[in-house]
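Reviewing the structure listed below.
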Amino acid sequence: MPSPPDYGALPLFPLELVLYPGSVLPLRIFELRYLDMVGRCHREGRPFGIVALTAGREVAQPAGPQEGGFAPEAFHFTGTLARIEQLSNPRPGLLEIWCRGEGRFRLHTVRRERNGLWVGMGDPLPQDPPMAVPSDLETLAYSLKAVLDRIDSEVRKQDATAEAPPHHLDDCGWVANRWAELLPLELEAKQRLLEIDSPLLRLELAADWLDRLQREAKRSGS
């Protein structure tokens with residue numbers, strides 16, 4: 001299972017994005033299936049699973065008049081646990097949450113409940129072992145720091161009390177995941193990066209993507 005056995009079946013939140021371990025994700029929740037799920041997870045201190053959609057939409061669509069129920073949805077079976085760190089209820093029928101990505105998981109089976117919520121069973125995937133950023137890739141850590149410093153500065157302009165999350169620029173997996181979430185890649189490319197067990201290979205591929213994008217930007221600007 002993606003979590004310890006007492007978590008039971010894992011509630012799933014299919015989205016048009018890929019969540020990486022260590023990422024922070026804000027969500028506005030208004031669908032009944034997710035209001036119930038998020039409220040329950042928050043009360044019980046349980047995570048839910050975020051998986052990337054391959055078919056369907058984030059907001060449930062009704063099926064045709066002949067079929068009834070919900071329109072089909074499909075998603076990748078490798079995803080990331082999300083744990084709620086902040087929750088607010090600005091008005092009835094709306095929850096605003098901040099959640100953080102934890103470990104990755106691989107689903108074996110899924111089922112859809114009557115309210116449209118997906119629930120899955122699976123196994124955890126290996127966590128990234130501590131690994132220093134190799135010397136030939138240290139420039140990625142330096143350039144990532146510059147990007148994150150700019151982001152933190154913009155956040156503080158909006159909220160002077162905001163605290164920047166800790167940076168782990170000496171950790172290969174952490175640097176790889178931050179680049180994977182920041183790079184403007186297609187969803188399938190981001191999913192492929194998530195599914196790579198080796199943090200070093202993930203960082204090397206992120207470096208290749210970054211180099212390719214920079215070369216394309218130079219050509220388009222020349």
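Following the order of the structure tokens, first chain is A, next is B, and so on, with residues numbered from 1 inside each chain and ligands from 1 in the order they appear.
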
Shell around stretch 169-184 of chain A at 8 Å using only C-alpha atoms, local window under 6 positions removed, as a PyMOL selection string:
chain A and resi 18-23+128-134+140-142+144-145+190+193+199-200+202-203+206+209-210

Write the residues of the preceding selection, restricted to N, CA and C atoms, as a CSV table (one decimal), in the first residue's frame.
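Written out: result.csv:
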```
chain,number,residue,atom,x,y,z
A,18,VAL,N,1.6,17.0,-12.2
A,18,VAL,CA,2.4,16.0,-11.5
A,18,VAL,C,2.9,16.6,-10.3
A,19,LEU,N,2.6,15.9,-9.1
A,19,LEU,CA,3.2,16.4,-7.8
A,19,LEU,C,4.4,15.6,-7.5
A,20,TYR,N,5.5,16.3,-7.1
A,20,TYR,CA,6.7,15.6,-6.7
A,20,TYR,C,6.9,15.6,-5.2
A,21,PRO,N,7.6,14.7,-4.6
A,21,PRO,CA,7.9,14.7,-3.2
A,21,PRO,C,8.6,16.0,-2.9
A,22,GLY,N,8.2,16.7,-1.8
A,22,GLY,CA,8.7,17.9,-1.4
A,22,GLY,C,8.1,19.2,-2.0
A,23,SER,N,7.2,19.0,-3.0
A,23,SER,CA,6.5,20.1,-3.6
A,23,SER,C,5.4,20.6,-2.7
A,128,ASP,N,14.0,8.7,-2.3
A,128,ASP,CA,15.3,9.0,-2.8
A,128,ASP,C,16.3,8.9,-1.7
A,129,PRO,N,17.4,8.2,-1.9
A,129,PRO,CA,18.5,8.1,-0.8
A,129,PRO,C,19.2,9.4,-0.8
A,130,PRO,N,19.8,9.8,0.4
A,130,PRO,CA,20.6,11.0,0.4
A,130,PRO,C,21.7,10.9,-0.6
A,131,MET,N,21.9,11.9,-1.4
A,131,MET,CA,23.0,11.8,-2.4
A,131,MET,C,23.4,13.3,-2.7
A,132,ALA,N,24.7,13.5,-2.6
A,132,ALA,CA,25.2,14.8,-3.0
A,132,ALA,C,25.1,15.1,-4.5
A,133,VAL,N,24.9,16.4,-4.8
A,133,VAL,CA,24.9,16.8,-6.2
A,133,VAL,C,26.3,16.6,-6.8
A,134,PRO,N,26.4,15.8,-7.9
A,134,PRO,CA,27.8,15.6,-8.5
A,134,PRO,C,28.3,17.0,-8.9
A,140,LEU,N,23.4,23.3,-11.7
A,140,LEU,CA,22.0,23.2,-11.6
A,140,LEU,C,21.5,23.7,-10.3
A,141,ALA,N,22.3,23.3,-9.2
A,141,ALA,CA,21.9,23.8,-7.9
A,141,ALA,C,22.1,25.3,-7.8
A,142,TYR,N,23.1,25.9,-8.3
A,142,TYR,CA,23.4,27.3,-8.3
A,142,TYR,C,22.2,28.1,-9.0
A,144,LEU,N,19.3,26.9,-9.7
A,144,LEU,CA,18.0,26.7,-9.0
A,144,LEU,C,17.9,27.7,-7.8
A,145,LYS,N,19.0,27.9,-7.1
A,145,LYS,CA,18.9,28.8,-5.9
A,145,LYS,C,18.5,30.2,-6.4
A,190,LYS,N,6.8,15.2,-17.5
A,190,LYS,CA,6.9,15.3,-16.0
A,190,LYS,C,6.6,14.0,-15.3
A,193,LEU,N,9.6,11.7,-15.4
A,193,LEU,CA,10.6,12.1,-14.4
A,193,LEU,C,10.2,11.6,-13.1
A,199,PRO,N,17.6,9.3,-8.3
A,199,PRO,CA,17.6,10.7,-8.3
A,199,PRO,C,18.7,11.3,-9.2
A,200,LEU,N,19.8,10.6,-9.3
A,200,LEU,CA,20.9,11.1,-10.2
A,200,LEU,C,20.4,11.1,-11.7
A,202,ARG,N,17.3,11.2,-12.7
A,202,ARG,CA,16.3,12.3,-12.8
A,202,ARG,C,16.9,13.7,-12.9
A,203,LEU,N,18.0,13.9,-12.2
A,203,LEU,CA,18.7,15.2,-12.3
A,203,LEU,C,19.4,15.3,-13.6
A,206,ALA,N,16.7,16.2,-16.1
A,206,ALA,CA,16.3,17.5,-16.0
A,206,ALA,C,17.3,18.5,-16.5
A,209,TRP,N,16.9,18.6,-20.3
A,209,TRP,CA,15.7,19.4,-20.7
A,209,TRP,C,16.0,20.9,-20.5
A,210,LEU,N,16.7,21.2,-19.4
A,210,LEU,CA,17.0,22.6,-19.2
A,210,LEU,C,18.0,23.2,-20.3
```

From a DSSP pass on the backbone, collect the residues of stretch 25-210 of chain A flagged as strand (DSSP E) and hand them back as an MDAnalysis selection string.
chainID A and resid 25:29 48:55 74:75 78:91 94:112 118:124

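Every protein or nucleic acid residue with an atom no more than 12 Å from A:Val24, counting only C-alpha atoms and leaving out same-chain residues fewer than 4 positions away, appears here: A:Val18, A:Leu19, A:Tyr20, A:Thr80, A:Leu81, A:Ala82, A:Arg83, A:Ile84, A:Glu85, A:Gln86, A:Ile97, A:Trp98, A:Cys99, A:Arg100, A:Gly101, A:Glu102, A:Ala164, A:Pro165, A:Pro166, A:Asn177, A:Arg178, A:Glu181.
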
All helix (DSSP H, G or I) positions in stretch 27-177 of chain A, as a PyMOL selection string
chain A and resi 32-44+135-158+172-177

Nearby residues (only C-alpha atoms) at most 9 Å from A:Leu148, same-chain spacing under 5 positions excluded, as an mmCIF file with C-alpha atoms, in the first residue's frame:
```
data_model
loop_
_atom_site.group_PDB
_atom_site.id
_atom_site.type_symbol
_atom_site.label_atom_id
_atom_site.label_comp_id
_atom_site.auth_asym_id
_atom_site.auth_seq_id
_atom_site.Cartn_x
_atom_site.Cartn_y
_atom_site.Cartn_z
ATOM 1 C CA SER A 143 20.856 28.285 -10.939
ATOM 2 C CA SER A 153 11.072 37.465 -3.058
ATOM 3 C CA HIS A 167 16.075 24.563 0.505
#
```

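Across the structure, atom CA of A:Phe30 and atom CA of A:Leu95 are spaced 6.6 Å apart.
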